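Data block for run09.cif (mmCIF, C-alpha atoms; chains and numbers go by the auth columns):
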data_model
loop_
_atom_site.group_PDB
_atom_site.id
_atom_site.type_symbol
_atom_site.label_atom_id
_atom_site.label_comp_id
_atom_site.label_asym_id
_atom_site.label_seq_id
_atom_site.Cartn_x
_atom_site.Cartn_y
_atom_site.Cartn_z
_atom_site.B_iso_or_equiv
_atom_site.auth_seq_id
_atom_site.auth_asym_id
ATOM 1 C CA MET A 1 1.608 -15.306 -10.741 0.00 1 A
ATOM 2 C CA PRO A 2 5.267 -15.854 -11.629 0.00 2 A
ATOM 3 C CA ALA A 3 7.831 -13.276 -10.597 0.00 3 A
ATOM 4 C CA GLU A 4 8.740 -10.690 -13.215 0.00 4 A
ATOM 5 C CA THR A 5 12.085 -8.967 -12.838 0.00 5 A
ATOM 6 C CA GLY A 6 14.481 -6.680 -14.593 0.00 6 A
ATOM 7 C CA GLY A 7 12.943 -3.210 -14.609 0.00 7 A
ATOM 8 C CA PRO A 8 14.608 0.039 -13.488 0.00 8 A
ATOM 9 C CA THR A 9 14.922 0.404 -9.745 0.00 9 A
ATOM 10 C CA GLY A 10 15.559 4.082 -9.175 0.00 10 A
ATOM 11 C CA HIS A 11 19.337 3.535 -9.419 0.00 11 A
ATOM 12 C CA GLY A 12 19.690 4.329 -13.093 0.00 12 A
ATOM 13 C CA GLU A 13 19.588 1.169 -15.206 0.00 13 A
ATOM 14 C CA ARG A 14 20.819 -1.284 -12.597 0.00 14 A
ATOM 15 C CA GLU A 15 19.233 -4.687 -13.179 0.00 15 A
ATOM 16 C CA VAL A 16 17.528 -6.804 -10.546 0.00 16 A
ATOM 17 C CA SER A 17 20.233 -9.461 -10.975 0.00 17 A
ATOM 18 C CA ASP A 18 22.711 -7.217 -9.126 0.00 18 A
ATOM 19 C CA ARG A 19 23.161 -7.534 -5.386 0.00 19 A
ATOM 20 C CA TRP A 20 21.383 -4.812 -3.482 0.00 20 A
ATOM 21 C CA HIS A 21 22.647 -2.491 -0.772 0.00 21 A
ATOM 22 C CA VAL A 22 19.620 -2.061 1.496 0.00 22 A
ATOM 23 C CA ASP A 23 19.523 0.049 4.653 0.00 23 A
ATOM 24 C CA ALA A 24 15.752 -0.206 5.276 0.00 24 A
ATOM 25 C CA VAL A 25 12.542 -1.787 4.010 0.00 25 A
ATOM 26 C CA LEU A 26 9.450 0.390 3.589 0.00 26 A
ATOM 27 C CA LEU A 27 6.103 -1.392 3.614 0.00 27 A
ATOM 28 C CA ASP A 28 2.737 -0.245 2.372 0.00 28 A
ATOM 29 C CA MET A 29 -0.102 -1.402 4.628 0.00 29 A
ATOM 30 C CA ASP A 30 -3.474 -1.838 2.887 0.00 30 A
ATOM 31 C CA GLY A 31 -3.376 -4.572 0.286 0.00 31 A
ATOM 32 C CA THR A 32 0.302 -5.266 0.975 0.00 32 A
ATOM 33 C CA LEU A 33 0.494 -6.400 4.608 0.00 33 A
ATOM 34 C CA LEU A 34 -3.217 -6.342 5.410 0.00 34 A
ATOM 35 C CA ASP A 35 -5.925 -7.883 3.249 0.00 35 A
ATOM 36 C CA THR A 36 -8.066 -4.753 3.425 0.00 36 A
ATOM 37 C CA GLU A 37 -8.473 -3.452 -0.128 0.00 37 A
ATOM 38 C CA LYS A 38 -11.346 -5.793 -0.991 0.00 38 A
ATOM 39 C CA VAL A 39 -13.091 -4.728 2.206 0.00 39 A
ATOM 40 C CA TYR A 40 -12.743 -1.055 1.193 0.00 40 A
ATOM 41 C CA PHE A 41 -13.889 -1.840 -2.337 0.00 41 A
ATOM 42 C CA ASP A 42 -16.929 -3.877 -1.310 0.00 42 A
ATOM 43 C CA SER A 43 -17.887 -1.342 1.361 0.00 43 A
ATOM 44 C CA LEU A 44 -17.765 1.602 -1.037 0.00 44 A
ATOM 45 C CA VAL A 45 -19.739 -0.233 -3.712 0.00 45 A
ATOM 46 C CA ALA A 46 -22.356 -1.167 -1.113 0.00 46 A
ATOM 47 C CA ALA A 47 -22.513 2.404 0.218 0.00 47 A
ATOM 48 C CA LEU A 48 -22.932 3.885 -3.256 0.00 48 A
ATOM 49 C CA ASN A 49 -25.564 1.342 -4.229 0.00 49 A
ATOM 50 C CA GLY A 50 -27.418 1.935 -0.963 0.00 50 A
ATOM 51 C CA CYS A 51 -27.519 5.652 -1.713 0.00 51 A
ATOM 52 C CA GLY A 52 -28.942 5.055 -5.185 0.00 52 A
ATOM 53 C CA TYR A 53 -25.767 5.078 -7.305 0.00 53 A
ATOM 54 C CA THR A 54 -25.639 1.959 -9.465 0.00 54 A
ATOM 55 C CA ASP A 55 -23.942 3.175 -12.669 0.00 55 A
ATOM 56 C CA ASP A 56 -20.836 1.000 -13.094 0.00 56 A
ATOM 57 C CA VAL A 57 -19.554 2.024 -9.671 0.00 57 A
ATOM 58 C CA ALA A 58 -17.272 -1.002 -9.579 0.00 58 A
ATOM 59 C CA ALA A 59 -14.998 0.460 -12.260 0.00 59 A
ATOM 60 C CA LEU A 60 -14.874 3.784 -10.421 0.00 60 A
ATOM 61 C CA CYS A 61 -14.028 2.085 -7.134 0.00 61 A
ATOM 62 C CA HIS A 62 -11.292 0.024 -8.815 0.00 62 A
ATOM 63 C CA SER A 63 -9.677 3.257 -10.027 0.00 63 A
ATOM 64 C CA MET A 64 -9.453 4.441 -6.407 0.00 64 A
ATOM 65 C CA VAL A 65 -7.339 1.516 -5.162 0.00 65 A
ATOM 66 C CA GLY A 66 -4.173 2.867 -3.513 0.00 66 A
ATOM 67 C CA LEU A 67 -5.339 6.500 -3.417 0.00 67 A
ATOM 68 C CA PRO A 68 -5.833 8.603 -0.251 0.00 68 A
ATOM 69 C CA GLY A 69 -9.374 9.164 0.992 0.00 69 A
ATOM 70 C CA PRO A 70 -9.531 12.886 0.098 0.00 70 A
ATOM 71 C CA VAL A 71 -8.541 12.088 -3.488 0.00 71 A
ATOM 72 C CA CYS A 72 -11.269 9.426 -3.688 0.00 72 A
ATOM 73 C CA GLU A 73 -13.813 11.914 -2.349 0.00 73 A
ATOM 74 C CA ALA A 74 -12.763 14.441 -4.993 0.00 74 A
ATOM 75 C CA MET A 75 -13.207 11.784 -7.678 0.00 75 A
ATOM 76 C CA LEU A 76 -16.753 11.097 -6.459 0.00 76 A
ATOM 77 C CA LEU A 77 -17.645 14.791 -6.470 0.00 77 A
ATOM 78 C CA ASP A 78 -16.119 15.204 -9.913 0.00 78 A
ATOM 79 C CA ARG A 79 -18.216 12.345 -11.268 0.00 79 A
ATOM 80 C CA TYR A 80 -21.535 13.036 -9.573 0.00 80 A
ATOM 81 C CA GLY A 81 -21.427 16.786 -8.968 0.00 81 A
ATOM 82 C CA ALA A 82 -21.599 19.099 -5.976 0.00 82 A
ATOM 83 C CA ALA A 83 -24.962 17.663 -4.875 0.00 83 A
ATOM 84 C CA PHE A 84 -23.413 14.247 -4.251 0.00 84 A
ATOM 85 C CA PRO A 85 -24.273 13.183 -0.638 0.00 85 A
ATOM 86 C CA LEU A 86 -20.678 12.670 0.443 0.00 86 A
ATOM 87 C CA ALA A 87 -21.375 12.608 4.186 0.00 87 A
ATOM 88 C CA GLU A 88 -24.164 10.041 3.776 0.00 88 A
ATOM 89 C CA VAL A 89 -22.015 7.791 1.582 0.00 89 A
ATOM 90 C CA ASN A 90 -19.097 8.066 4.024 0.00 90 A
ATOM 91 C CA ARG A 91 -21.337 7.029 6.916 0.00 91 A
ATOM 92 C CA ALA A 92 -22.652 4.042 4.985 0.00 92 A
ATOM 93 C CA PHE A 93 -19.122 3.106 3.933 0.00 93 A
ATOM 94 C CA ILE A 94 -17.903 3.132 7.558 0.00 94 A
ATOM 95 C CA VAL A 95 -20.826 0.954 8.696 0.00 95 A
ATOM 96 C CA HIS A 96 -20.103 -1.651 6.014 0.00 96 A
ATOM 97 C CA ARG A 97 -16.326 -1.479 6.564 0.00 97 A
ATOM 98 C CA ASP A 98 -16.454 -1.818 10.333 0.00 98 A
ATOM 99 C CA ARG A 99 -18.922 -4.688 10.145 0.00 99 A
ATOM 100 C CA MET A 100 -16.490 -6.587 7.905 0.00 100 A
ATOM 101 C CA PHE A 101 -13.425 -5.703 9.982 0.00 101 A
ATOM 102 C CA ASP A 102 -15.166 -6.784 13.176 0.00 102 A
ATOM 103 C CA ALA A 103 -15.410 -10.232 11.626 0.00 103 A
ATOM 104 C CA ALA A 104 -11.710 -10.392 10.719 0.00 104 A
ATOM 105 C CA LEU A 105 -8.755 -8.367 9.517 0.00 105 A
ATOM 106 C CA PRO A 106 -6.518 -10.962 7.867 0.00 106 A
ATOM 107 C CA LEU A 107 -2.885 -10.546 6.955 0.00 107 A
ATOM 108 C CA LYS A 108 -1.656 -11.124 3.424 0.00 108 A
ATOM 109 C CA SER A 109 0.097 -14.402 2.715 0.00 109 A
ATOM 110 C CA GLY A 110 3.689 -14.308 3.921 0.00 110 A
ATOM 111 C CA ALA A 111 3.321 -11.146 6.024 0.00 111 A
ATOM 112 C CA ILE A 112 4.464 -12.709 9.308 0.00 112 A
ATOM 113 C CA GLU A 113 7.320 -14.574 7.629 0.00 113 A
ATOM 114 C CA LEU A 114 8.531 -11.364 5.982 0.00 114 A
ATOM 115 C CA LEU A 115 8.350 -9.396 9.226 0.00 115 A
ATOM 116 C CA ASP A 116 10.122 -12.197 11.107 0.00 116 A
ATOM 117 C CA GLY A 117 12.864 -12.299 8.460 0.00 117 A
ATOM 118 C CA LEU A 118 13.400 -8.549 8.612 0.00 118 A
ATOM 119 C CA ALA A 119 13.491 -8.626 12.416 0.00 119 A
ATOM 120 C CA ALA A 120 16.002 -11.478 12.430 0.00 120 A
ATOM 121 C CA ALA A 121 18.221 -9.454 10.101 0.00 121 A
ATOM 122 C CA ALA A 122 17.832 -6.349 12.315 0.00 122 A
ATOM 123 C CA CYS A 123 16.687 -4.488 9.207 0.00 123 A
ATOM 124 C CA PRO A 124 14.978 -1.141 9.915 0.00 124 A
ATOM 125 C CA ILE A 125 11.388 -1.039 8.667 0.00 125 A
ATOM 126 C CA ALA A 126 8.582 1.504 8.383 0.00 126 A
ATOM 127 C CA ILE A 127 4.938 1.521 7.408 0.00 127 A
ATOM 128 C CA VAL A 128 4.279 3.938 4.547 0.00 128 A
ATOM 129 C CA THR A 129 0.533 4.255 4.007 0.00 129 A
ATOM 130 C CA SER A 130 -2.115 6.491 2.474 0.00 130 A
ATOM 131 C CA SER A 131 -4.372 5.793 5.459 0.00 131 A
ATOM 132 C CA SER A 132 -4.768 8.200 8.373 0.00 132 A
ATOM 133 C CA ARG A 133 -2.746 7.628 11.528 0.00 133 A
ATOM 134 C CA ARG A 134 -5.884 6.702 13.465 0.00 134 A
ATOM 135 C CA THR A 135 -6.843 4.062 10.907 0.00 135 A
ATOM 136 C CA THR A 136 -3.271 2.802 10.670 0.00 136 A
ATOM 137 C CA GLU A 137 -2.937 2.372 14.425 0.00 137 A
ATOM 138 C CA ARG A 138 -6.315 0.643 14.655 0.00 138 A
ATOM 139 C CA HIS A 139 -5.793 -1.773 11.789 0.00 139 A
ATOM 140 C CA LEU A 140 -2.267 -2.781 12.768 0.00 140 A
ATOM 141 C CA ALA A 141 -3.509 -3.405 16.306 0.00 141 A
ATOM 142 C CA ILE A 142 -6.485 -5.492 15.159 0.00 142 A
ATOM 143 C CA ALA A 143 -4.164 -7.506 12.919 0.00 143 A
ATOM 144 C CA GLY A 144 -1.828 -8.104 15.875 0.00 144 A
ATOM 145 C CA ILE A 145 1.311 -6.526 14.375 0.00 145 A
ATOM 146 C CA ARG A 146 1.339 -2.955 15.754 0.00 146 A
ATOM 147 C CA GLU A 147 4.252 -3.643 18.121 0.00 147 A
ATOM 148 C CA ARG A 148 6.478 -4.606 15.204 0.00 148 A
ATOM 149 C CA PHE A 149 6.713 -1.024 13.937 0.00 149 A
ATOM 150 C CA ASP A 150 8.433 1.925 15.573 0.00 150 A
ATOM 151 C CA THR A 151 8.029 4.109 12.487 0.00 151 A
ATOM 152 C CA LEU A 152 4.707 4.901 10.828 0.00 152 A
ATOM 153 C CA LEU A 153 4.345 7.374 7.971 0.00 153 A
ATOM 154 C CA THR A 154 0.684 8.120 7.279 0.00 154 A
ATOM 155 C CA LEU A 155 -1.415 10.561 5.307 0.00 155 A
ATOM 156 C CA ASP A 156 -1.418 12.814 8.386 0.00 156 A
ATOM 157 C CA ASP A 157 2.348 13.314 8.013 0.00 157 A
ATOM 158 C CA VAL A 158 2.385 14.789 4.496 0.00 158 A
ATOM 159 C CA THR A 159 0.824 17.420 2.293 0.00 159 A
ATOM 160 C CA HIS A 160 0.541 15.104 -0.706 0.00 160 A
ATOM 161 C CA GLY A 161 -0.309 11.409 -0.556 0.00 161 A
ATOM 162 C CA LYS A 162 0.558 8.705 -3.068 0.00 162 A
ATOM 163 C CA PRO A 163 1.312 8.741 -5.998 0.00 163 A
ATOM 164 C CA ASP A 164 3.378 11.723 -4.817 0.00 164 A
ATOM 165 C CA PRO A 165 6.738 10.500 -3.402 0.00 165 A
ATOM 166 C CA GLU A 166 6.523 12.633 -0.236 0.00 166 A
ATOM 167 C CA LEU A 167 5.566 9.735 2.054 0.00 167 A
ATOM 168 C CA TYR A 168 8.521 7.637 0.924 0.00 168 A
ATOM 169 C CA LEU A 169 10.971 10.529 1.074 0.00 169 A
ATOM 170 C CA LYS A 170 9.884 11.320 4.638 0.00 170 A
ATOM 171 C CA ALA A 171 10.052 7.669 5.662 0.00 171 A
ATOM 172 C CA ALA A 172 13.652 7.377 4.491 0.00 172 A
ATOM 173 C CA ALA A 173 14.557 10.618 6.246 0.00 173 A
ATOM 174 C CA ARG A 174 12.854 9.444 9.456 0.00 174 A
ATOM 175 C CA LEU A 175 14.982 6.276 9.404 0.00 175 A
ATOM 176 C CA GLY A 176 18.144 8.232 8.573 0.00 176 A
ATOM 177 C CA VAL A 177 18.747 6.488 5.244 0.00 177 A
ATOM 178 C CA THR A 178 18.676 7.508 1.585 0.00 178 A
ATOM 179 C CA PRO A 179 15.754 6.426 -0.634 0.00 179 A
ATOM 180 C CA PRO A 180 17.976 4.494 -3.107 0.00 180 A
ATOM 181 C CA ALA A 181 19.094 2.324 -0.170 0.00 181 A
ATOM 182 C CA CYS A 182 15.473 1.385 0.607 0.00 182 A
ATOM 183 C CA VAL A 183 13.314 -1.435 -0.703 0.00 183 A
ATOM 184 C CA ALA A 184 9.658 -0.411 -0.975 0.00 184 A
ATOM 185 C CA VAL A 185 6.923 -3.049 -1.148 0.00 185 A
ATOM 186 C CA GLU A 186 3.630 -1.990 -2.737 0.00 186 A
ATOM 187 C CA ASP A 187 0.459 -3.570 -4.110 0.00 187 A
ATOM 188 C CA SER A 188 -0.998 -0.777 -6.276 0.00 188 A
ATOM 189 C CA ASN A 189 -0.029 1.197 -9.345 0.00 189 A
ATOM 190 C CA HIS A 190 -0.295 4.472 -7.420 0.00 190 A
ATOM 191 C CA GLY A 191 1.919 3.135 -4.637 0.00 191 A
ATOM 192 C CA VAL A 192 4.554 1.929 -7.073 0.00 192 A
ATOM 193 C CA ALA A 193 4.571 5.355 -8.723 0.00 193 A
ATOM 194 C CA ALA A 194 5.224 6.997 -5.340 0.00 194 A
ATOM 195 C CA ALA A 195 8.015 4.637 -4.319 0.00 195 A
ATOM 196 C CA HIS A 196 9.727 4.773 -7.706 0.00 196 A
ATOM 197 C CA ALA A 197 9.554 8.572 -7.837 0.00 197 A
ATOM 198 C CA ALA A 198 11.253 8.670 -4.431 0.00 198 A
ATOM 199 C CA GLY A 199 14.105 6.568 -5.833 0.00 199 A
ATOM 200 C CA ALA A 200 13.493 3.383 -3.845 0.00 200 A
ATOM 201 C CA ILE A 201 14.034 -0.156 -5.119 0.00 201 A
ATOM 202 C CA THR A 202 10.384 -0.955 -5.749 0.00 202 A
ATOM 203 C CA LEU A 203 8.739 -4.375 -5.487 0.00 203 A
ATOM 204 C CA MET A 204 5.101 -4.945 -6.356 0.00 204 A
ATOM 205 C CA VAL A 205 2.838 -7.683 -5.046 0.00 205 A
ATOM 206 C CA PRO A 206 -0.405 -6.901 -6.921 0.00 206 A
ATOM 207 C CA ASP A 207 -3.626 -7.098 -4.954 0.00 207 A
ATOM 208 C CA MET A 208 -6.867 -6.009 -6.641 0.00 208 A
ATOM 209 C CA ALA A 209 -5.447 -4.036 -9.558 0.00 209 A
ATOM 210 C CA PRO A 210 -2.970 -5.668 -11.961 0.00 210 A
ATOM 211 C CA PRO A 211 0.165 -3.701 -12.814 0.00 211 A
ATOM 212 C CA LEU A 212 -0.008 -1.381 -15.798 0.00 212 A
ATOM 213 C CA GLU A 213 2.786 -1.688 -18.341 0.00 213 A
ATOM 214 C CA GLU A 214 4.135 1.653 -17.103 0.00 214 A
ATOM 215 C CA THR A 215 4.098 0.267 -13.573 0.00 215 A
ATOM 216 C CA ARG A 216 6.044 -2.860 -14.537 0.00 216 A
ATOM 217 C CA GLY A 217 8.826 -0.638 -15.852 0.00 217 A
ATOM 218 C CA LYS A 218 9.112 1.031 -12.450 0.00 218 A
ATOM 219 C CA CYS A 219 9.453 -2.228 -10.520 0.00 219 A
ATOM 220 C CA ALA A 220 12.589 -4.174 -9.738 0.00 220 A
ATOM 221 C CA ALA A 221 10.230 -7.171 -9.592 0.00 221 A
ATOM 222 C CA VAL A 222 6.535 -8.040 -9.679 0.00 222 A
ATOM 223 C CA LEU A 223 6.006 -10.914 -7.255 0.00 223 A
ATOM 224 C CA PRO A 224 3.142 -13.265 -6.359 0.00 224 A
ATOM 225 C CA ASP A 225 3.228 -12.849 -2.562 0.00 225 A
ATOM 226 C CA LEU A 226 5.281 -11.723 0.425 0.00 226 A
ATOM 227 C CA HIS A 227 6.998 -15.111 0.661 0.00 227 A
ATOM 228 C CA ALA A 228 8.553 -14.272 -2.706 0.00 228 A
ATOM 229 C CA VAL A 229 9.548 -10.820 -1.443 0.00 229 A
ATOM 230 C CA LEU A 230 11.481 -12.375 1.440 0.00 230 A
ATOM 231 C CA ALA A 231 13.128 -14.906 -0.874 0.00 231 A
ATOM 232 C CA LEU A 232 14.188 -12.180 -3.319 0.00 232 A
ATOM 233 C CA LEU A 233 15.624 -10.006 -0.546 0.00 233 A
ATOM 234 C CA ARG A 234 17.731 -12.941 0.625 0.00 234 A
ATOM 235 C CA GLU A 235 18.758 -13.818 -2.928 0.00 235 A
ATOM 236 C CA ARG A 236 19.926 -10.262 -3.640 0.00 236 A
ATOM 237 C CA GLY A 237 21.914 -10.037 -0.419 0.00 237 A
ATOM 238 C CA ALA A 238 19.678 -7.279 0.914 0.00 238 A
ATOM 239 C CA PHE A 239 20.058 -8.378 4.519 0.00 239 A
ATOM 240 C CA GLY A 240 23.410 -6.693 4.815 0.00 240 A
ATOM 241 C CA CYS A 241 21.354 -4.048 6.613 0.00 241 A
#
So that I can check it, write out the structure of this file as structure tokens.
Amino acid sequence: MPAETGGPTGHGEREVSDRWHVDAVLLDMDGTLLDTEKVYFDSLVAALNGCGYTDDVAALCHSMVGLPGPVCEAMLLDRYGAAFPLAEVNRAFIVHRDRMFDAALPLKSGAIELLDGLAAAACPIAIVTSSSRRTTERHLAIAGIRERFDTLLTLDDVTHGKPDPELYLKAAARLGVTPPACVAVEDSNHGVAAAHAAGAITLMVPDMAPPLEETRGKCAAVLPDLHAVLALLRERGAFGC
């Protein structure tokens, strides 16, 4: 996928060709740093099928990419009604998920290079994720990158998860910077909506769901991988941080 640039960045109509003032980089976790979204997707499809739900569940599960767990549960109840066996499906989902994660929890292409580049530039970073703190701690540890992050903003830290901007606003405040001086890296349409609404310079590296046209307009760039994110940060002079 070639890079696409030029959309609004949360700083009015500033174009991506301008040099950026960046005080921090805010990173989504699932689907951005960790190759987990397909595991979640496959596990939920398998859990639903195992519980007797086979009606185009793939499309429903695709629509959940990037959303917090409670929102996904509400979507399931809305579709199937109050009698939906939520606890049973959750148990089956966890069994499938953990079996796959026990085999491997791979990083996305370029993740280590990006983290090394940010560390070399002494650029403050934070994880900004719709996952719970327990899940975040576990997955970062399994992937071998937990020690790289002093700041984690998770679903446990906010009232409203993505696409609400609360996570990104709190992350910037935690780091002592303003949102417009942050670059946010996301993989999903919901995540981009959250970062853009907070006012961050938003980069998208699509994972399972392609960007909607509305999403493209909220991104400073849509990039093929995290190698390209690092290259763009260097190109735009972002490592002044």
Provide an axis-aligned box for all listed atoms of range 79-91 of chain A, padding each side by 4 Å; report its centre and its edge lengths in Å to one decimal, as AutoDock Vina command-line options.
--center_x -21.6 --center_y 13.1 --center_z -2.2 --size_x 14.7 --size_y 20.1 --size_z 26.2
Just so the selection is clear, what residues does the PyMOL selection byres ((chain A and resi 66) around 9) cover here, as a PDB file with C-alpha atoms, in the frame of the given file?
ATOM      1  CA  ASP A  30      -3.474  -1.838   2.887  1.00  0.00           C
ATOM      2  CA  GLY A  31      -3.376  -4.572   0.286  1.00  0.00           C
ATOM      3  CA  GLU A  37      -8.473  -3.452  -0.128  1.00  0.00           C
ATOM      4  CA  SER A  63      -9.677   3.257 -10.027  1.00  0.00           C
ATOM      5  CA  MET A  64      -9.453   4.441  -6.407  1.00  0.00           C
ATOM      6  CA  VAL A  65      -7.339   1.516  -5.162  1.00  0.00           C
ATOM      7  CA  LEU A  67      -5.339   6.500  -3.417  1.00  0.00           C
ATOM      8  CA  PRO A  68      -5.833   8.603  -0.251  1.00  0.00           C
ATOM      9  CA  THR A 129       0.533   4.255   4.007  1.00  0.00           C
ATOM     10  CA  SER A 130      -2.115   6.491   2.474  1.00  0.00           C
ATOM     11  CA  LYS A 162       0.558   8.705  -3.068  1.00  0.00           C
ATOM     12  CA  PRO A 163       1.312   8.741  -5.998  1.00  0.00           C
ATOM     13  CA  ASP A 187       0.459  -3.570  -4.110  1.00  0.00           C
ATOM     14  CA  SER A 188      -0.998  -0.777  -6.276  1.00  0.00           C
ATOM     15  CA  ASN A 189      -0.029   1.197  -9.345  1.00  0.00           C
ATOM     16  CA  HIS A 190      -0.295   4.472  -7.420  1.00  0.00           C
ATOM     17  CA  GLY A 191       1.919   3.135  -4.637  1.00  0.00           C
TER      18      GLY A 191
END
- request: Would you translate the PyMOL selection byres ((chain A and resi 93-104) around 8) into the concrete set of residues it matches in this file, as a ChimeraX atom specification?
  value: /A:39-40,43-44,46-47,89-92,105-106
Write the residues of the preceding selection, restricted to C-alpha atoms, as a PDB file, in the frame of the given file.
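Below you can see selection_28.pdb, which holds the result:
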ATOM      1  CA  VAL A  39     -13.091  -4.728   2.206  1.00  0.00           C
ATOM      2  CA  TYR A  40     -12.743  -1.055   1.193  1.00  0.00           C
ATOM      3  CA  SER A  43     -17.887  -1.342   1.361  1.00  0.00           C
ATOM      4  CA  LEU A  44     -17.765   1.602  -1.037  1.00  0.00           C
ATOM      5  CA  ALA A  46     -22.356  -1.167  -1.113  1.00  0.00           C
ATOM      6  CA  ALA A  47     -22.513   2.404   0.218  1.00  0.00           C
ATOM      7  CA  VAL A  89     -22.015   7.791   1.582  1.00  0.00           C
ATOM      8  CA  ASN A  90     -19.097   8.066   4.024  1.00  0.00           C
ATOM      9  CA  ARG A  91     -21.337   7.029   6.916  1.00  0.00           C
ATOM     10  CA  ALA A  92     -22.652   4.042   4.985  1.00  0.00           C
ATOM     11  CA  LEU A 105      -8.755  -8.367   9.517  1.00  0.00           C
ATOM     12  CA  PRO A 106      -6.518 -10.962   7.867  1.00  0.00           C
TER      13      PRO A 106
END
message: Which residues, named as in the file, does the PyMOL selection byres ((chain A and resi 180) around 10) pick out? Answer as a list in words.
response: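 Against this file, the PyMOL selection byres ((chain A and resi 180) around 10) returns the residues Thr9, Gly10, His11, Trp20, His21, Val22, Asp23, Ala24, Ala172, Val177, Thr178, Pro179, Ala181, Cys182, Val183, Ala184, His196, Ala198, Gly199, Ala200, Ile201 and Thr202 of chain A.
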Can you tell me which residues surround Arg133 in chain A at a distance of at most 12 Å, considering all atoms listed in the file, apart from same-chain residues fewer than 2 positions away, and format the answer as a PDB file with C-alpha atoms, in the frame of the given file?
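Written file, out-v1.pdb:
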ATOM      1  CA  MET A  29      -0.102  -1.402   4.628  1.00  0.00           C
ATOM      2  CA  ILE A 127       4.938   1.521   7.408  1.00  0.00           C
ATOM      3  CA  VAL A 128       4.279   3.938   4.547  1.00  0.00           C
ATOM      4  CA  THR A 129       0.533   4.255   4.007  1.00  0.00           C
ATOM      5  CA  SER A 130      -2.115   6.491   2.474  1.00  0.00           C
ATOM      6  CA  SER A 131      -4.372   5.793   5.459  1.00  0.00           C
ATOM      7  CA  THR A 135      -6.843   4.062  10.907  1.00  0.00           C
ATOM      8  CA  THR A 136      -3.271   2.802  10.670  1.00  0.00           C
ATOM      9  CA  GLU A 137      -2.937   2.372  14.425  1.00  0.00           C
ATOM     10  CA  ARG A 138      -6.315   0.643  14.655  1.00  0.00           C
ATOM     11  CA  HIS A 139      -5.793  -1.773  11.789  1.00  0.00           C
ATOM     12  CA  LEU A 140      -2.267  -2.781  12.768  1.00  0.00           C
ATOM     13  CA  THR A 151       8.029   4.109  12.487  1.00  0.00           C
ATOM     14  CA  LEU A 152       4.707   4.901  10.828  1.00  0.00           C
ATOM     15  CA  LEU A 153       4.345   7.374   7.971  1.00  0.00           C
ATOM     16  CA  THR A 154       0.684   8.120   7.279  1.00  0.00           C
ATOM     17  CA  LEU A 155      -1.415  10.561   5.307  1.00  0.00           C
ATOM     18  CA  ASP A 156      -1.418  12.814   8.386  1.00  0.00           C
ATOM     19  CA  ASP A 157       2.348  13.314   8.013  1.00  0.00           C
ATOM     20  CA  VAL A 158       2.385  14.789   4.496  1.00  0.00           C
TER      21      VAL A 158
END
- prompt: Which of these, A:His227, A:Arg19, A:Arg174, A:Arg134, has the shortest distance to Asp150 in chain A once you count only C-alpha atoms?
  reply: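 The shortest atom-to-atom distance to Asp150 in chain A comes from A:Arg174.
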message: I need the residue nearest Arg236 in chain A from this list: A:Ala220, A:Ala194, A:Cys72, A:Ile125. Use all atoms listed in the file for the distance.
response: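 Of A:Ala220, A:Ala194, A:Cys72, A:Ile125, the one nearest Arg236 in chain A, counting all atoms listed in the file, is A:Ala220.
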